[in-house]
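J.: Here you go, this is start.pdb (PDB, C-alpha atoms).
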```pdb
ATOM      1  CA  MET A 119     -50.565   0.451 -29.491
ATOM      2  CA  LEU A 120     -49.813   0.180 -25.803
ATOM      3  CA  ALA A 121     -47.290  -2.617 -26.411
ATOM      4  CA  SER A 122     -45.323  -0.427 -28.810
ATOM      5  CA  LEU A 123     -45.231   2.275 -26.171
ATOM      6  CA  PHE A 124     -43.262   0.051 -23.818
ATOM      7  CA  ASN A 125     -41.294  -1.767 -26.565
ATOM      8  CA  ARG A 126     -42.901  -5.102 -25.780
ATOM      9  CA  SER A 127     -43.938  -7.716 -28.259
ATOM     10  CA  ASN A 128     -47.414  -9.170 -28.418
ATOM     11  CA  LYS A 129     -46.098 -12.736 -28.289
ATOM     12  CA  PRO A 130     -47.012 -14.743 -25.209
ATOM     13  CA  LYS A 131     -44.248 -15.484 -22.744
ATOM     14  CA  GLU A 132     -42.654 -18.886 -22.610
ATOM     15  CA  ALA A 133     -43.668 -21.120 -19.770
ATOM     16  CA  ARG A 134     -41.258 -21.274 -16.883
ATOM     17  CA  LYS A 135     -39.335 -24.466 -16.534
ATOM     18  CA  GLN A 136     -38.322 -25.544 -13.087
ATOM     19  CA  ILE A 137     -35.726 -28.166 -12.369
ATOM     20  CA  ARG A 138     -35.390 -29.661  -8.911
ATOM     21  CA  LEU A 139     -31.999 -31.046  -7.984
ATOM     22  CA  LYS A 140     -30.454 -32.331  -4.772
ATOM     23  CA  LEU A 141     -26.959 -31.434  -3.648
ATOM     24  CA  ARG A 142     -25.688 -34.509  -1.868
ATOM     25  CA  VAL A 143     -21.876 -34.384  -1.976
ATOM     26  CA  ILE A 144     -19.274 -31.626  -2.020
ATOM     27  CA  ASP A 145     -15.874 -32.713  -3.269
ATOM     28  CA  VAL A 146     -13.443 -32.099  -0.425
ATOM     29  CA  TRP A 147     -10.513 -31.310  -2.721
ATOM     30  CA  SER A 148     -12.577 -28.721  -4.638
ATOM     31  CA  ALA A 149     -13.716 -27.101  -1.400
ATOM     32  CA  THR A 150     -10.104 -26.990  -0.212
ATOM     33  CA  LYS A 151      -8.949 -25.294  -3.419
ATOM     34  CA  VAL A 152     -11.763 -22.720  -3.249
ATOM     35  CA  GLY A 153     -11.009 -22.060   0.417
ATOM     36  CA  PHE A 154      -7.323 -21.597  -0.424
ATOM     37  CA  PHE A 155      -8.023 -19.001  -3.113
ATOM     38  CA  VAL A 156     -10.523 -17.164  -0.903
ATOM     39  CA  ALA A 157      -7.898 -17.084   1.843
ATOM     40  CA  ILE A 158      -5.287 -15.724  -0.578
ATOM     41  CA  ALA A 159      -7.661 -12.906  -1.523
ATOM     42  CA  ALA A 160      -8.361 -12.193   2.150
ATOM     43  CA  GLY A 161      -4.619 -12.235   2.917
ATOM     44  CA  ILE A 162      -3.921  -9.699   0.183
ATOM     45  CA  ALA A 163      -6.732  -7.535   1.557
ATOM     46  CA  ILE A 164      -5.291  -7.763   5.085
ATOM     47  CA  VAL A 165      -1.792  -6.728   3.996
ATOM     48  CA  VAL A 166      -2.984  -3.904   1.720
ATOM     49  CA  GLY A 167      -5.439  -2.686   4.361
ATOM     50  CA  ALA A 168      -2.743  -2.643   7.051
ATOM     51  CA  TRP A 169      -0.422  -0.733   4.730
ATOM     52  CA  LEU A 170      -3.109   1.841   3.907
ATOM     53  CA  ILE A 171      -4.124   2.368   7.527
ATOM     54  CA  TRP A 172      -0.511   2.614   8.678
ATOM     55  CA  SER A 173       0.399   5.092   5.924
ATOM     56  CA  VAL A 174      -2.595   7.322   6.715
ATOM     57  CA  LEU A 175      -1.886   7.290  10.453
ATOM     58  CA  ALA A 176       1.869   7.784  10.051
ATOM     59  CA  ASN A 177       1.577  10.610   7.527
ATOM     60  CA  SER A 178      -1.108  12.431   9.483
ATOM     61  CA  GLY A 179       1.014  12.445  12.636
ATOM     62  CA  VAL A 180      -1.332  10.407  14.802
ATOM     63  CA  PHE A 181       1.460   8.234  16.201
ATOM     64  CA  SER A 182       3.540  11.205  17.351
ATOM     65  CA  ALA A 183       0.489  13.001  18.801
ATOM     66  CA  VAL A 184      -0.717   9.959  20.757
ATOM     67  CA  GLY A 185       2.865   9.196  21.800
ATOM     68  CA  GLY A 186       3.255  12.731  23.140
ATOM     69  CA  LEU A 187      -0.038  12.413  25.005
ATOM     70  CA  LEU A 188       1.006   9.105  26.551
ATOM     71  CA  SER A 189       4.388  10.465  27.620
ATOM     72  CA  SER A 190       2.738  13.487  29.249
ATOM     73  CA  VAL A 191       0.207  11.303  31.075
ATOM     74  CA  LEU A 192       2.620   8.563  32.132
ATOM     75  CA  GLY A 193       5.538  10.865  32.771
ATOM     76  CA  GLU A 194       8.923  11.099  31.158
ATOM     77  CA  ALA A 195      10.289   8.228  33.284
ATOM     78  CA  ASN A 196       8.261   5.714  31.300
ATOM     79  CA  ALA A 197       9.944   5.857  27.915
ATOM     80  CA  PHE A 198       7.180   4.551  25.631
ATOM     81  CA  ASN A 199       7.694   5.524  22.011
ATOM     82  CA  LEU A 200       4.583   4.785  19.994
ATOM     83  CA  GLU A 201       6.305   5.462  16.676
ATOM     84  CA  ASP A 202       8.820   2.687  17.362
ATOM     85  CA  GLU A 203       6.143   0.221  18.435
ATOM     86  CA  PHE A 204       4.054   0.878  15.302
ATOM     87  CA  SER A 205       6.907   1.078  12.824
ATOM     88  CA  PHE A 206       6.323  -0.002   9.247
ATOM     89  CA  ASP A 207       8.286  -3.234   9.785
ATOM     90  CA  ASN A 208       6.287  -4.201  12.883
ATOM     91  CA  VAL A 209       2.928  -3.465  11.289
ATOM     92  CA  MET A 210       3.693  -5.282   8.045
ATOM     93  CA  SER A 211       5.192  -8.335   9.772
ATOM     94  CA  THR A 212       2.114  -8.579  11.992
ATOM     95  CA  ALA A 213      -0.211  -8.215   8.997
ATOM     96  CA  LEU A 214       1.723 -10.840   7.037
ATOM     97  CA  THR A 215       1.678 -13.233  10.000
ATOM     98  CA  LEU A 216      -2.091 -12.801  10.361
ATOM     99  CA  ALA A 217      -2.584 -13.306   6.617
ATOM    100  CA  LEU A 218      -0.575 -16.550   6.647
ATOM    101  CA  LEU A 219      -2.409 -17.784   9.737
ATOM    102  CA  ASN A 220      -5.705 -16.935   8.036
ATOM    103  CA  LEU A 221      -4.563 -18.841   4.935
ATOM    104  CA  VAL A 222      -3.895 -22.033   6.874
ATOM    105  CA  ILE A 223      -7.032 -21.852   9.017
ATOM    106  CA  THR A 224      -9.406 -20.955   6.169
ATOM    107  CA  THR A 225      -8.069 -23.704   3.926
ATOM    108  CA  ALA A 226      -8.368 -26.305   6.675
ATOM    109  CA  LEU A 227     -11.859 -25.146   7.662
ATOM    110  CA  ALA A 228     -13.090 -25.335   4.065
ATOM    111  CA  ALA A 229     -12.093 -29.007   3.930
ATOM    112  CA  ILE A 230     -13.597 -29.692   7.352
ATOM    113  CA  TYR A 231     -16.878 -27.980   6.419
ATOM    114  CA  ALA A 232     -17.096 -30.059   3.233
ATOM    115  CA  LEU A 233     -16.554 -33.252   5.232
ATOM    116  CA  ILE A 234     -19.202 -32.224   7.770
ATOM    117  CA  PHE A 235     -21.650 -31.400   4.971
ATOM    118  CA  ASN A 236     -21.041 -34.800   3.363
ATOM    119  CA  LEU A 237     -21.669 -36.586   6.657
ATOM    120  CA  ILE A 238     -24.872 -34.678   7.359
ATOM    121  CA  SER A 239     -25.991 -35.114   3.761
ATOM    122  CA  LYS A 240     -25.804 -38.894   4.155
ATOM    123  CA  LEU A 241     -28.146 -38.626   7.134
ATOM    124  CA  VAL A 242     -30.754 -36.217   5.736
ATOM    125  CA  GLY A 243     -30.427 -36.781   1.984
ATOM    126  CA  GLY A 244     -28.881 -33.514   0.850
ATOM    127  CA  ILE A 245     -30.232 -30.059   0.058
ATOM    128  CA  SER A 246     -33.073 -29.612  -2.452
ATOM    129  CA  LEU A 247     -32.500 -26.826  -4.971
ATOM    130  CA  THR A 248     -34.912 -25.483  -7.571
ATOM    131  CA  PHE A 249     -33.604 -23.821 -10.736
ATOM    132  CA  THR A 250     -35.692 -21.813 -13.205
ATOM    133  CA  ASN A 251     -34.981 -20.600 -16.736
ATOM    134  CA  ASN A 252     -35.781 -16.912 -16.255
TER     135      ASN A 252
END
```
Before we go any further, please render this structure as structure tokens.
T.:
Amino acid sequence: MLASLFNRSNKPKEARKQIRLKLRVIDVWSATKVGFFVAIAAGIAIVVGAWLIWSVLANSGVFSAVGGLLSSVLGEANAFNLEDEFSFDNVMSTALTLALLNLVITTALAAIYALIFNLISKLVGGISLTFTNN
């Protein structure tokens, strides 16, 4: 009666099966490909994030307000236009440059980390993993 209350069957549960495996080698080419695609996703996020932040700040008038504050503090002799420094072209070219730099560095580091793991794995025998069927 109590089992029907909780929609459970009266059958006994299956025994858990555990499988122990050792991870000894990571294929360097596979790690490089995964690192490349992760870096592409991060690069897209960087560019879209920079565009969103710039559009919010530009449309809310933050650049003109901070530029006016800087010109009043520094004086009119120092012609520092914040809107020109943070133009859409400057912000997007900087974001794209950072995304491309991130792409190269992340891809290279993924391959280097795989090589380092393979070297350490030869010394210590790999990483033991336990998998269950639940």
J.: When you count all atoms listed in the file, which of these residues is closest to A:Leu214: A:Trp147, A:Leu192, A:Val165, A:Val156?
T.: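 Under the stated criterion, the closest residue is A:Val165.
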J.: Counting only C-alpha atoms, figure out which residue out of A:Val191, A:Thr150, A:Asn199, A:Leu216 gets nearest to A:Ile162.
T.: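 Among the listed residues, the smallest separation from A:Ile162 belongs to A:Leu216.
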J.: For stretch 240-246 of chain A, please output as a PDB file with C-alpha atoms, in the coordinates of the input all residues within 9 Å (counting only C-alpha atoms; exclusion window: fewer than 6 positions along the same chain).
T.:
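Result went into result_7.pdb, see below:
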```pdb
ATOM      1  CA  ARG A 138     -35.390 -29.661  -8.911  1.00  0.00           C
ATOM      2  CA  LEU A 139     -31.999 -31.046  -7.984  1.00  0.00           C
ATOM      3  CA  LYS A 140     -30.454 -32.331  -4.772  1.00  0.00           C
ATOM      4  CA  LEU A 141     -26.959 -31.434  -3.648  1.00  0.00           C
ATOM      5  CA  ARG A 142     -25.688 -34.509  -1.868  1.00  0.00           C
ATOM      6  CA  VAL A 143     -21.876 -34.384  -1.976  1.00  0.00           C
TER       7      VAL A 143
END
```
J.: Hey, what's within 10 Å of stretch 167-174 of chain A if we count only C-alpha atoms and toss same-chain stuff fewer than 3 positions away? As a PyMOL selection string, please?
T.: chain A and resi 161-164+177-181+204-206+209-210+212-214
J.: May I have the selected residues written with C-alpha atoms, as a PDB file, in the coordinates of the input?
T.:
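The resulting file, result-v4.pdb, is reproduced below:
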```pdb
ATOM      1  CA  GLY A 161      -4.619 -12.235   2.917  1.00  0.00           C
ATOM      2  CA  ILE A 162      -3.921  -9.699   0.183  1.00  0.00           C
ATOM      3  CA  ALA A 163      -6.732  -7.535   1.557  1.00  0.00           C
ATOM      4  CA  ILE A 164      -5.291  -7.763   5.085  1.00  0.00           C
ATOM      5  CA  ASN A 177       1.577  10.610   7.527  1.00  0.00           C
ATOM      6  CA  SER A 178      -1.108  12.431   9.483  1.00  0.00           C
ATOM      7  CA  GLY A 179       1.014  12.445  12.636  1.00  0.00           C
ATOM      8  CA  VAL A 180      -1.332  10.407  14.802  1.00  0.00           C
ATOM      9  CA  PHE A 181       1.460   8.234  16.201  1.00  0.00           C
ATOM     10  CA  PHE A 204       4.054   0.878  15.302  1.00  0.00           C
ATOM     11  CA  SER A 205       6.907   1.078  12.824  1.00  0.00           C
ATOM     12  CA  PHE A 206       6.323  -0.002   9.247  1.00  0.00           C
ATOM     13  CA  VAL A 209       2.928  -3.465  11.289  1.00  0.00           C
ATOM     14  CA  MET A 210       3.693  -5.282   8.045  1.00  0.00           C
ATOM     15  CA  THR A 212       2.114  -8.579  11.992  1.00  0.00           C
ATOM     16  CA  ALA A 213      -0.211  -8.215   8.997  1.00  0.00           C
ATOM     17  CA  LEU A 214       1.723 -10.840   7.037  1.00  0.00           C
TER      18      LEU A 214
END
```
J.: I want to know what sits within 12 Å of A:Ala228, based on all atoms listed in the file, with residues of the same chain fewer than 2 positions away left out; could you give that as a list in words?
T.: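 Final neighbour list, sorted by chain and number: Ile144, Asp145, Val146, Trp147, Ser148, Ala149, Thr150, Lys151, Val152, Gly153, Phe154, Phe155, Val156, Ala157, Asn220, Leu221, Val222, Ile223, Thr224, Thr225, Ala226, Ile230, Tyr231, Ala232, Leu233, Ile234 and Phe235 of chain A.
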J.: From the set A:Ile158, A:Gly185, A:Phe198, A:Gly193, which residue has the shortest atom-to-atom contact distance to A:Leu218, counting all atoms listed in the file?
T.: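 When distances to A:Leu218 are compared using all atoms listed in the file, the smallest one comes from A:Ile158.
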J.: Exactly which residues make up the result of the PyMOL selection byres ((chain A and resi 251) around 12) on this file, given as a list in words?
T.: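 For this structure, the PyMOL selection byres ((chain A and resi 251) around 12) captures Glu132, Ala133, Arg134, Lys135, Gln136, Ile137, Arg138, Thr248, Phe249, Thr250 and Asn252 of chain A.
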J.: Skipping near chain neighbours, those fewer than 5 positions away, what residues fall within 10 Å of A:Ala183 using only C-alpha atoms, listed as a PyMOL selection string?
T.: chain A and resi 178+188-189+200-201
J.: What does the structure give for the distance between atom CA of A:Ser182 and atom CA of A:Ser211, in Å to one decimal?
T.: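 Computing it gives 21.0 Å between the two atoms.
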J.: Calculate how many Å separate atom CA of A:Leu175 from atom CA of A:Asp202, rounding to one decimal.
T.: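 Taking atom CA of A:Leu175 as the start and atom CA of A:Asp202 as the end point, the length is 13.5 Å.
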J.: When you draw a straight line from atom CA of A:Thr215 to atom CA of A:Glu203, how long is it in Å?
T.: 16.5 Å
